[in-house]
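I have placed the structure first, in the form of structure tokens, so that the comments after it can refer back to it.
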Amino acid sequence: MASTVAPLNVDVVAVNTTTQGSNGLAATKAFNPVVCYSPMMMTTNGMWQGEGVNPLEFSLPLFIVQLAVIVVTTRLLVILLRPFRQPRVIAEILAGVVLGPSMIGQSEVWASLVFPVRSLLTLETVAHLGLLYFLFLVGLEMDVDVIRRSGDKAVFVAMAGMALPFCMGIATSFIFRHQVSRNVHQTSFLLFLGVALSVTAFPVLARILAEIKLLNTELGRTAMSAAIVNDMCAWILLAVAISISEVHSTAFSSLWVLLAGVTFVLFCFYAVRPLMWRLIRNIPEGDDVSNLQITLILTGVMIAGALTDAIGIHSVFGAFVYGLVIPSAPLGVALIEKLEDFVTGLLLPLFFAMSGLRTNVRMIRDPVTVGLLVLVFVMASFAKVMGTIIIAALYAMPFREGIALGFLMNTRGLVEMIVLNIGRDKQVLDDESFAVMVLVSVAMTSLVTPVVTGVYRPSRRLVGYKRRNLQRIRHDSELRMLACVHTTRNVPSVLSLLELSNPSKRSPIFIYALHIIELTGRASNMLAAAAASSSTRSSSTLPAATEHIFNAFENYERLTGGVSIQTLAAVSPYQTMHDDVSVLAEDKHVSLIVIPFHKQQTVDGGMEPINPSIKGFNESLLSTSPCSVAILVDRGLSAATARMATEHRVALFFFGGPDDREALAYAWRMVEHPGVSLTIVRFLPPDYRAAARSFSEASYRSAASGGMDPRGGGGAMSGSTEGKSELQMDEEYLGEFRARNHGNPAITYVDKSVTNSEETVAAIRGMDNSAHEMYIVGRRPGEAGSPMTAALEDWMESPELGPIGDMLVSSDFSMAVSVLVVQQYVVVGAPMAAPVAAPDPVRQYVGNANQRPGAYRASPATSSSDSRWSDDTLGF
């Protein structure tokens, strides 16, 4: 029967009920049946029923429209604020302010149509449900043992960052209590204000650190650890504040609230946590958590929230503690993966929008109150910065680093919004104080990123080093490599390549295994990187993918001699990830960066893209890398049969040029492996054949007669490269290679005379592809515009592989041969090798001193105006 009543008329009755009910109890009882059933109905009967009603008069359509408006507005503000590097929480709060009575909400049509007062109860209920599950996720992502592992510095930074602003806020508020707390309970106001001024928003801080690439620096680790300690203490203070915030409550009732809250926490840690560990141990190895188990755990979130709400503490406190007691892996990881996108992307913006809708700038009328509240906030923020600087000075941290840490600890966001909303609900903050505190918090958080990036500029050692490519180092000396891994599928192929590179005690290889994690706005992947870079990391703090990747490399290190591996993780947007990798490579004096191709092989042998962003990352790294780069295309190299084989056959296609010489330098290391056989296929145009042969024979005779340093090898070329053509350098390097490997039966030389690109394709196609496991090629073969490859360059689908590499990974060629495409980092203005005679120490010192960073460039084709060094800070 209710559906036949016009919703508009029912709304009028409901408003009259509210108005009359506020004047007395008798009026409320008179309209009691109408209030129960007719404020809003759930769904409409449809637009074709002829009733002529507005769908927005019904509960569900109106809520859907509100949710869509809030999410779209939030996303638009995120895009607008992205150039200013502002965290997403700023956009979420501002979205509510824009939609609320401060701006668009001033229009009565908008306010009554989209955000009527009658609908806010539904909107706020769903927002608090999202908040409940988000605080559960925050608890999941926190490691309870971080306090023990963070050390004294983080704990003291957190304590100083809370105690000083708490005392400063209470002291200044008490002095001006008659101006700023005239209409509220003064003791509760001081306590809530002190908590709001002393907290640090841990999730917001994690995002800021990741975006400005400080997450894995010493400053970032200290800030993260201190923020976690601060957050835990803030929840304790919030529980205390709520328990004594009731104006009419007695000290005895507040004591019961505190005791009940402590009992709830102890029950979660000593009853629920062991139960969760028992649940994890009962999961068979290799199996995932069942849907029934996840459903029961998620139901426990609501039960925990209901218990703490019944106790007298806010429901979010129960959800937070419940999340703390659940082990991080694998149960916590499964829960985060299922919940995080939906909760943070759809439900959480509702809570921030509600905070903005409650913020009415027009309520700010008293300039004295506003000025005093701003003064209190500024004084508390200044106290937090000063306290952090003092602790930083005690630990011998630089002054600028102390200032940056202080501003990072002033990050506001979720926790402060919760405190302010609870304070407003408990009527210890009036509308004016609430609006001022929200706006000042947004302003403070928006200052964190520009101040930290302007004050803290970590020193980068931009000192040029010689070992920037393989051709400049001996083939039997230590090789430093940086292997980038995006997923677990990249690991076997990288390990197979390392095995072919012949690591041994005589020629060791030092590997930096870098797991690249895309910054998606999640706190979980940022915490994973922080945990991965920590010297005290534990497997429980790492997500499953990172843990599997690290374990694979560490197991390989234990089982293989001559290999030293250091595992790292980096979180950054793919648009700037190449800067992080370049800075890490330079900091570690890496000679070669190995990156996987952006496509992977399918079951039918084709190639499908993994992530479109990886292609852009590879291209950016090729143009900005401070050392040589190799792109690995896995087409069977990672297979178990290939890894277990005792004989490996590799083919090198040599057209000439720096990249091909670098490819030969890497193949030189491979051929030292007793199970590797190498075929070198030299492509020459007919008009250069005679000159090439004569020059090669002369170089060979010179090398065989002792014209080279017998200690040299792996590309140590005699004399300077100045004034030599590419053909001369090619012949000289090939001559040296043949001289050093004279009589080696594992090496085969083949010359191919080709006139144009068609003959090049025919020559490669005529080879027996089944006889090789890997092709090694240079990215830019031969001279620019060479007729041997010119036509192929016009048909490239993947320019990062070069014409030959792109051709080899196409479906026209063998689908079972992996490809390694090498690009050499060319050093300008420096000799390619040590002189024949023993070097003069003084001249060597002067030569090294003259090799400044500006003397290097990526390749002869690279413009000299390209910026070789980024101003961004390393995210490791």
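Lettering and numbering for the structure tokens are positional, with chains as A, B, ... in the shown order, residues counted from 1 in each chain, and ligands counted from 1 in the shown order.
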
Quick one: everything within 9 Å of A:Val681, counting only C-alpha atoms, minus sequence neighbours fewer than 4 positions away in the same chain. Send it as an MDAnalysis selection string. chainID A and resid 651:655 748:752

Can you list, as an MDAnalysis selection string, every protein, DNA or RNA residue that comes within 8 Å of A:Leu238 when you count only C-alpha atoms, leaving out same-chain residues fewer than 4 positions away? chainID A and resid 192 195 234 242 419

Selection from above, C-alpha atoms, as a PDB file, in the first residue's frame, can you write it?
ATOM      1  CA  PHE A 192      39.686  16.203  21.213  1.00  0.00           C
ATOM      2  CA  VAL A 195      44.328  14.426  19.729  1.00  0.00           C
ATOM      3  CA  ALA A 234      46.524   8.117  18.491  1.00  0.00           C
ATOM      4  CA  ILE A 242      35.646   9.224  23.495  1.00  0.00           C
ATOM      5  CA  VAL A 419      38.585  12.638  15.260  1.00  0.00           C
TER       6      VAL A 419
END

Within 12 Å of A:Arg82, counting only C-alpha atoms, which residues qualify if same-chain residues fewer than 4 places away don't, as number ranges by chain? A: 75-78, 86-91, 208, 211, 446, 449

Produce a file of the selected residues containing N, CA, C and O atoms, as a short mmCIF file (atom, residue, chain, number, x, y, z; two decimals), in the first residue's frame.
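The resulting file, again.cif, is reproduced below:
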data_model
loop_
_atom_site.label_atom_id
_atom_site.label_comp_id
_atom_site.auth_asym_id
_atom_site.auth_seq_id
_atom_site.Cartn_x
_atom_site.Cartn_y
_atom_site.Cartn_z
N ARG A 75 37.48 12.14 -8.62
CA ARG A 75 38.46 11.78 -9.64
C ARG A 75 38.89 13.00 -10.46
O ARG A 75 40.06 13.13 -10.83
N LEU A 76 37.96 13.88 -10.74
CA LEU A 76 38.33 15.09 -11.47
C LEU A 76 39.30 15.95 -10.66
O LEU A 76 40.28 16.48 -11.20
N LEU A 77 39.05 16.08 -9.36
CA LEU A 77 39.95 16.87 -8.52
C LEU A 77 41.31 16.19 -8.38
O LEU A 77 42.33 16.87 -8.28
N VAL A 78 41.32 14.86 -8.36
CA VAL A 78 42.60 14.13 -8.31
C VAL A 78 43.43 14.47 -9.55
O VAL A 78 44.64 14.71 -9.47
N GLN A 86 49.70 16.52 -5.02
CA GLN A 86 48.94 16.49 -3.78
C GLN A 86 48.36 15.09 -3.56
O GLN A 86 47.96 14.42 -4.52
N PRO A 87 48.30 14.61 -2.32
CA PRO A 87 47.73 13.29 -2.06
C PRO A 87 46.24 13.26 -2.36
O PRO A 87 45.56 14.30 -2.38
N ARG A 88 45.72 12.07 -2.55
CA ARG A 88 44.34 11.92 -2.96
C ARG A 88 43.36 12.37 -1.88
O ARG A 88 42.23 12.78 -2.18
N VAL A 89 43.78 12.31 -0.63
CA VAL A 89 42.88 12.70 0.45
C VAL A 89 42.47 14.17 0.33
O VAL A 89 41.36 14.56 0.70
N ILE A 90 43.35 15.00 -0.20
CA ILE A 90 43.02 16.42 -0.40
C ILE A 90 41.87 16.54 -1.38
O ILE A 90 40.91 17.29 -1.16
N ALA A 91 41.95 15.81 -2.48
CA ALA A 91 40.88 15.85 -3.48
C ALA A 91 39.58 15.30 -2.91
O ALA A 91 38.49 15.83 -3.22
N ILE A 208 52.46 9.93 0.11
CA ILE A 208 53.31 11.10 -0.16
C ILE A 208 54.76 10.66 -0.33
O ILE A 208 55.46 11.08 -1.26
N GLU A 211 55.23 9.00 -3.72
CA GLU A 211 55.12 9.90 -4.86
C GLU A 211 56.35 10.80 -5.01
O GLU A 211 56.73 11.16 -6.11
N SER A 446 48.46 19.98 2.32
CA SER A 446 48.87 20.40 0.98
C SER A 446 50.26 21.03 0.97
O SER A 446 50.91 21.09 -0.08
N THR A 449 54.15 18.20 0.76
CA THR A 449 54.94 17.79 -0.41
C THR A 449 55.85 18.91 -0.93
O THR A 449 57.06 18.68 -1.11
#

Using only C-alpha atoms, which residue out of A:Arg273, A:Ser119, A:Trp668, A:Ala570 lies closest to A:Thr217? A:Ala570

Write out as a ChimeraX atom specification the residues lying within 12 Å of A:Asp806, counting only C-alpha atoms and excluding same-chain residues fewer than 3 positions away. /A:597,599,607,631,633,761,775,777-780,789,792-803,809-813,819-821

Selection file, C-alpha atoms, as a compact mmCIF listing (two decimals), in the first residue's frame:
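Saved the output as again-v2.txt:
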# COMPACT_ATOMS: atom_id res chain seq x y z
CA PHE A 597 60.37 -7.42 -22.91
CA LYS A 599 55.37 -9.02 -24.25
CA MET A 607 53.49 -12.78 -28.18
CA ILE A 631 66.22 -6.42 -23.26
CA VAL A 633 62.76 -11.71 -24.83
CA VAL A 761 66.25 -11.50 -43.89
CA TYR A 775 70.10 -14.94 -30.43
CA VAL A 777 71.95 -8.81 -31.33
CA GLY A 778 72.73 -5.14 -30.99
CA ARG A 779 69.84 -2.71 -30.84
CA ARG A 780 71.30 -0.41 -33.52
CA THR A 789 68.90 -2.98 -42.29
CA LEU A 792 63.62 -3.25 -41.77
CA GLU A 793 63.54 -0.02 -39.76
CA ASP A 794 60.41 1.12 -41.62
CA TRP A 795 58.45 -1.96 -40.49
CA MET A 796 59.40 -2.15 -36.83
CA GLU A 797 56.58 -2.86 -34.38
CA SER A 798 58.85 -2.58 -31.34
CA PRO A 799 61.50 0.12 -31.89
CA GLU A 800 63.09 -0.65 -28.53
CA LEU A 801 64.34 -3.94 -30.01
CA GLY A 802 65.87 -2.41 -33.12
CA PRO A 803 65.34 -3.74 -36.66
CA VAL A 809 60.59 -11.88 -32.29
CA SER A 810 58.03 -11.74 -35.10
CA SER A 811 55.91 -14.76 -35.89
CA ASP A 812 57.80 -15.30 -39.17
CA PHE A 813 60.79 -16.73 -37.32
CA VAL A 819 66.45 -13.00 -28.02
CA LEU A 820 68.79 -10.69 -26.10
CA VAL A 821 68.96 -7.15 -27.51

Enter the distance from atom CA of A:Tyr456 to atom CA of A:Leu408, in Å, rounded to one decimal.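 Straight-line distance from atom CA of A:Tyr456 to atom CA of A:Leu408 works out to 11.1 Å.
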
Per DSSP on the backbone, filter stretch 332-417 of chain A down to the residues in helix (DSSP H, G or I) and report them as a ChimeraX atom specification. /A:332-358,361-363,367-394,399-408,414-417
